[in-house]
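Report on one structure; see the data block that follows.
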Amino acid sequence: MKTKLIAFGAMVFSLLILSYNKVEPNLSISELKRLYSGGDYTKWPKPEVDSLVYAQGFEDIGILGKPEFPENNPYTEEKAELGKVLFFDPRLSKSGQISCANCHDPELNWGDARRVSYGESRQQGNRNSPSLMNIAYSKVFFWDGRAATLEDQASFPIQDAKEMNFHIDLATKRLNKIKGYKPYFKKAFGKEKLTQEEILKAIATFERTLISPKSKFDKFIEGDSTQLTNKQVEGLHLFRTKARCINCHNGANFSDNKFHNIGLTYYGRQYEDLGRYNVTGKAENVGEFKTQSLRGAAQNAPYMHNGLFPNLRGVLNIYNAGMARPKRKENQLNDTLFPTTSKLIKKLDLSQSELIALEDFIMSLSTAGYKMRPPVLPQ
């Protein structure tokens with residue numbers, strides 16, 4: 001009898017240990033590590049992706065490919081060098097004090113680490129400045145998608161009254177009067193005076209060169225199984241399955257380049273922001289914001305379009321709870337603009353251990369800081 005009890009106890013202990021090391025039936029952590037680091041994406045466990053996401057052209061996460069440059073603005077080293085100087089030059093602003101680098105600081109992973117940014121006369125904007133790292137892989141720009149190209153995007157801050165507060169024509173005239181710029185213009189475009197379009201092309205060309213080095217995740221899925229810890233491998237698997245992150249944070253840049261209402265519109269309250277609706281005028285776009293890349297996310301706090309979340313754990317906690325679900329008040333029953341949280345958002349029921357694993361995995365998507373010395377400005 002005693003022998004049977006000991007054997008039974010040993011079996012229970014073995015089952016407990018086995019269940020601890022498994023994330024889903026028949027897949028232990030060691031097996032997941034082997035599959036994910038094997039270099040063959042086709043052998044990865046199937047992701048848990050909604051049918052709607054598949055229908056819209058789902059792409060799994062993976063390695064960043066070579067960035068593409070548009071046909072009407074091909075890459076040249078001289079153009080990128082000019083764009084770099086322009087990016088750091090505050091003379092593109094009315095006061096001569098605000099440059100692109102004010103909100104996209106290379107010391108701060110090409111963001112500014114603020115809830116919302118400061119511009120001319122210390123005016124605060126309404127939205128958080130996302131990192132420009134890997135912006136070359138974006139297909140739409142700004143939180144609300146108001147710019148279709150990176151060249152177009154570069155013009156908005158210059159003319160925005162709360163940012164650089166300058167007319168692009170006046171900024172162009174100012175730069176064309178600076179003798180020290182003439183050699184840069186000549187090398188990049190073959191002439192000593194530029195148009196506003198050429199200035200924006202140079203800035204966009206430089207921004208497309210801001211590519212992050214390979215992360216631990218990249219090296220891991222290329223075949224180096226030592227790059228991720230067991231906890232991070234668990235987080236990777238959760239990311240693609242139970243945690244549902246991959247429904248929006250998919251593709252090599254961990255963004256679907258689409259817009260979603262995740263319940264943070266603050267409709268009718270302080271911090272209200274109608275998001276994509278402000279661009280399209282369509283009721284179904286109320287509260288929708290662009291999915292930001294998770295590459296480097298650990299270095300890009302605070303989070304969301306309004307910067308209200310100071311750390312990743314706070315973001316994960318609210319997703320785990322199913323995000324906000326605004327309820328109509330009596331006077332809003334017939335309000336056609338009342339926002340509805342995306343059906344892709346669901347309560348996750350992740351344990352604290354799983355949340356730790358998920359956060360650890362997201363941390364593995366960051367790399368050493370890609371810093372850059374500001375150039376000496378032409379005079």
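Labeling convention for the structure tokens: chains A, B, ... as they appear, residues from 1 per chain, ligands from 1 in order of appearance.
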
If you take only C-alpha atoms and a cut-off of 10 Å, which residues of segment 187-286 of chain A touch segment 148-161 of chain A, and what are their nearest atom pairs and distances in Å to one decimal, in chain and number order, as a Markdown table?
| residue | atom | partner | partner_atom | distance |
| --- | --- | --- | --- | --- |
| A:Gln196 | CA | A:Ser155 | CA | 8.9 |
| A:Glu197 | CA | A:Glu151 | CA | 8.1 |
| A:Glu198 | CA | A:Glu151 | CA | 9.3 |
| A:Ile199 | CA | A:Glu151 | CA | 9.1 |
| A:Leu200 | CA | A:Glu151 | CA | 5.4 |
| A:Lys201 | CA | A:Glu151 | CA | 5.5 |
| A:Ala202 | CA | A:Glu151 | CA | 8.4 |
| A:Ile203 | CA | A:Ala154 | CA | 7.0 |
| A:Ala204 | CA | A:Glu151 | CA | 5.3 |
| A:Thr205 | CA | A:Glu151 | CA | 8.4 |
| A:Glu207 | CA | A:Leu150 | CA | 8.4 |
| A:Arg208 | CA | A:Leu150 | CA | 8.6 |

Exercise for review: Return as a list in words the full set of residues in segment 169-205 of chain A whose backbone-based DSSP assignment is helix (DSSP H, G or I).
Suggested key: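 Restricting segment 169-205 of chain A to helix (DSSP H, G or I) produces Asp169, Leu170, Ala171, Thr172, Lys173, Arg174, Leu175, Asn176, Lys179, Gly180, Tyr181, Lys182, Pro183, Tyr184, Phe185, Lys186, Lys187, Ala188, Phe189, Gln196, Glu197, Glu198, Ile199, Leu200, Lys201, Ala202, Ile203, Ala204 and Thr205 of chain A.
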
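In this comparison, which uses only C-alpha atoms, the residue of A:Lys79, A:Lys177, A:Arg313, A:Arg269 approaching Leu358 of chain A most closely is A:Arg313.
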
I'd like the neighbourhood of segment 43-47 of chain A as an mmCIF file with all heavy atoms, in the first residue's frame, where a residue qualifies if any of its atoms comes within 6 Å (using only C-alpha atoms), though same-chain residues fewer than 5 positions away should be ignored.
data_model
loop_
_atom_site.group_PDB
_atom_site.id
_atom_site.type_symbol
_atom_site.label_atom_id
_atom_site.label_comp_id
_atom_site.auth_asym_id
_atom_site.auth_seq_id
_atom_site.Cartn_x
_atom_site.Cartn_y
_atom_site.Cartn_z
ATOM 1 N N LEU A 35 10.738 24.510 -32.317
ATOM 2 C CA LEU A 35 9.949 24.861 -33.493
ATOM 3 C C LEU A 35 10.165 26.309 -33.928
ATOM 4 O O LEU A 35 10.383 26.593 -35.110
ATOM 5 C CB LEU A 35 8.457 24.632 -33.216
ATOM 6 C CG LEU A 35 8.008 23.179 -33.061
ATOM 7 C CD1 LEU A 35 6.563 23.114 -32.596
ATOM 8 C CD2 LEU A 35 8.178 22.421 -34.374
ATOM 9 N N TYR A 36 10.111 27.216 -32.957
ATOM 10 C CA TYR A 36 10.218 28.636 -33.293
ATOM 11 C C TYR A 36 11.636 29.031 -33.715
ATOM 12 O O TYR A 36 11.812 29.988 -34.476
ATOM 13 C CB TYR A 36 9.770 29.501 -32.117
ATOM 14 C CG TYR A 36 8.269 29.624 -31.972
ATOM 15 C CD1 TYR A 36 7.614 29.196 -30.815
ATOM 16 C CD2 TYR A 36 7.495 30.190 -32.980
ATOM 17 C CE1 TYR A 36 6.240 29.322 -30.667
ATOM 18 C CE2 TYR A 36 6.120 30.316 -32.844
ATOM 19 C CZ TYR A 36 5.499 29.890 -31.686
ATOM 20 O OH TYR A 36 4.139 30.021 -31.554
ATOM 21 N N ARG A 240 1.056 34.827 -30.141
ATOM 22 C CA ARG A 240 0.468 34.321 -31.384
ATOM 23 C C ARG A 240 -0.801 33.512 -31.139
ATOM 24 O O ARG A 240 -1.482 33.132 -32.108
ATOM 25 C CB ARG A 240 1.476 33.443 -32.127
ATOM 26 C CG ARG A 240 2.711 34.189 -32.594
ATOM 27 C CD ARG A 240 3.696 33.283 -33.338
ATOM 28 N NE ARG A 240 3.188 32.836 -34.619
ATOM 29 C CZ ARG A 240 2.793 31.598 -34.872
ATOM 30 N NH1 ARG A 240 2.830 30.678 -33.895
ATOM 31 N NH2 ARG A 240 2.360 31.269 -36.067
ATOM 32 N N THR A 241 -1.131 33.244 -29.880
ATOM 33 C CA THR A 241 -2.286 32.384 -29.606
ATOM 34 C C THR A 241 -3.221 33.027 -28.581
ATOM 35 O O THR A 241 -3.972 33.933 -28.921
ATOM 36 C CB THR A 241 -1.807 30.995 -29.129
ATOM 37 O OG1 THR A 241 -0.915 31.151 -28.009
ATOM 38 C CG2 THR A 241 -1.075 30.263 -30.245
#

Practice item. Choose the residue, out of A:Leu92, A:Gly62, A:Asp224, A:Leu27, that has the smallest atom-to-atom separation from Lys173 of chain A; count only C-alpha atoms. Key: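 Result for the nearest residue to Lys173 of chain A: A:Leu92.
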
Would you give me, as a Markdown table, each residue of segment 79-117 of chain A having an atom within 12 Å of an atom of segment 169-172 of chain A, along with its shortest atom pair and that distance in Å to one decimal, using only C-alpha atoms and sorting by chain and residue number?
| residue | atom | partner | partner_atom | distance |
| --- | --- | --- | --- | --- |
| A:Leu86 | CA | A:Thr172 | CA | 10.9 |
| A:Asp89 | CA | A:Ala171 | CA | 11.0 |
| A:Pro90 | CA | A:Ala171 | CA | 10.3 |
| A:Arg91 | CA | A:Ala171 | CA | 7.4 |
| A:Leu92 | CA | A:Ala171 | CA | 5.3 |
| A:Ser93 | CA | A:Ala171 | CA | 7.2 |
| A:Lys94 | CA | A:Ala171 | CA | 7.8 |
| A:Ser95 | CA | A:Ala171 | CA | 10.9 |
| A:Gly96 | CA | A:Ala171 | CA | 10.0 |
| A:Ser99 | CA | A:Ala171 | CA | 11.8 |

Check your understanding: Near segment 115-130 of chain A, within 8 Å and counting only C-alpha atoms, which residues show up once chain neighbours fewer than 5 positions away are dropped, as a PyMOL selection string?
Key -> chain A and resi 95+97-98+103-104+110+161-165+292+300+302-308

Exercise for review: List every residue of segment 132-356 of chain A that DSSP, applied to the backbone of this structure, places in strand (DSSP E), and write the result as a PyMOL selection string.
Suggested key: chain A and resi 259-260+289-290

File dump, residues just selected, N, CA and C atoms, as a PDB file, in the first residue's frame:
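So part36.pdb came out as:
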ATOM      1  N   PHE A 259      -6.338  50.409 -38.849  1.00  0.00           N
ATOM      2  CA  PHE A 259      -6.878  51.254 -37.786  1.00  0.00           C
ATOM      3  C   PHE A 259      -7.933  50.478 -37.001  1.00  0.00           C
ATOM      4  N   HIS A 260      -7.883  50.617 -35.687  1.00  0.00           N
ATOM      5  CA  HIS A 260      -8.807  49.885 -34.831  1.00  0.00           C
ATOM      6  C   HIS A 260      -9.269  50.772 -33.676  1.00  0.00           C
ATOM      7  N   PHE A 289      -7.517  54.154 -34.356  1.00  0.00           N
ATOM      8  CA  PHE A 289      -6.149  54.660 -34.432  1.00  0.00           C
ATOM      9  C   PHE A 289      -5.257  53.594 -35.042  1.00  0.00           C
ATOM     10  N   LYS A 290      -4.181  54.043 -35.649  1.00  0.00           N
ATOM     11  CA  LYS A 290      -3.264  53.135 -36.330  1.00  0.00           C
ATOM     12  C   LYS A 290      -2.573  52.205 -35.328  1.00  0.00           C
TER      13      LYS A 290
END

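Once Asp349 of chain A and its same-chain neighbours fewer than 5 positions away are set aside, Lys242, Ala243, Asn320, Ala321 and Gly322 of chain A remain within 9 Å of it when counting only C-alpha atoms.
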
Keeping N, CA and C atoms, export the residues of the selection given above as an mmCIF file, in the first residue's frame.
data_model
loop_
_atom_site.group_PDB
_atom_site.id
_atom_site.type_symbol
_atom_site.label_atom_id
_atom_site.label_comp_id
_atom_site.auth_asym_id
_atom_site.auth_seq_id
_atom_site.Cartn_x
_atom_site.Cartn_y
_atom_site.Cartn_z
ATOM 1 N N LYS A 242 -3.164 32.606 -27.359
ATOM 2 C CA LYS A 242 -4.137 32.996 -26.343
ATOM 3 C C LYS A 242 -4.242 34.499 -26.132
ATOM 4 N N ALA A 243 -3.133 35.222 -26.193
ATOM 5 C CA ALA A 243 -3.149 36.664 -25.929
ATOM 6 C C ALA A 243 -3.696 37.475 -27.105
ATOM 7 N N ASN A 320 -5.836 42.653 -21.107
ATOM 8 C CA ASN A 320 -6.242 41.415 -20.456
ATOM 9 C C ASN A 320 -7.673 41.506 -19.931
ATOM 10 N N ALA A 321 -8.042 42.714 -19.504
ATOM 11 C CA ALA A 321 -9.391 42.924 -18.985
ATOM 12 C C ALA A 321 -10.422 43.110 -20.100
ATOM 13 N N GLY A 322 -9.964 43.165 -21.353
ATOM 14 C CA GLY A 322 -10.892 43.322 -22.463
ATOM 15 C C GLY A 322 -11.090 44.753 -22.910
#

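Computed from the coordinates, the atom CA of Ser364 of chain A to atom CA of Lys216 of chain A distance equals 5.5 Å.
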
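Every protein or nucleic acid residue with an atom no more than 10 Å from Leu32 of chain A, counting only C-alpha atoms and leaving out same-chain residues fewer than 3 positions away, appears here: A:Lys22, A:Val23, A:Glu24, A:Asn26, A:Leu27, A:Ser28, A:Ile29, A:Leu35, A:Tyr36, A:Ser37, A:Gly38, A:Trp44, A:Pro45, A:Asn230, A:Val233, A:Glu234, A:Leu236, A:His237.
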
Output of the above residues as a PDB file, in the first residue's frame, restricted to C-alpha atoms:
ATOM      1  CA  LYS A  22       3.625  23.233 -21.256  1.00  0.00           C
ATOM      2  CA  VAL A  23       1.802  26.171 -22.794  1.00  0.00           C
ATOM      3  CA  GLU A  24      -0.748  24.109 -24.685  1.00  0.00           C
ATOM      4  CA  ASN A  26       1.389  18.355 -26.542  1.00  0.00           C
ATOM      5  CA  LEU A  27       3.759  21.349 -26.828  1.00  0.00           C
ATOM      6  CA  SER A  28       6.322  21.776 -24.069  1.00  0.00           C
ATOM      7  CA  ILE A  29       8.502  24.860 -23.788  1.00  0.00           C
ATOM      8  CA  LEU A  35       9.949  24.861 -33.493  1.00  0.00           C
ATOM      9  CA  TYR A  36      10.218  28.636 -33.293  1.00  0.00           C
ATOM     10  CA  SER A  37      14.019  28.716 -33.565  1.00  0.00           C
ATOM     11  CA  GLY A  38      14.208  26.117 -36.329  1.00  0.00           C
ATOM     12  CA  TRP A  44       5.476  27.042 -36.275  1.00  0.00           C
ATOM     13  CA  PRO A  45       2.298  26.310 -34.318  1.00  0.00           C
ATOM     14  CA  ASN A 230      12.014  29.905 -21.769  1.00  0.00           C
ATOM     15  CA  VAL A 233       9.417  31.662 -25.732  1.00  0.00           C
ATOM     16  CA  GLU A 234       6.243  31.177 -23.712  1.00  0.00           C
ATOM     17  CA  LEU A 236       6.063  34.486 -28.035  1.00  0.00           C
ATOM     18  CA  HIS A 237       3.619  31.603 -28.190  1.00  0.00           C
TER      19      HIS A 237
END
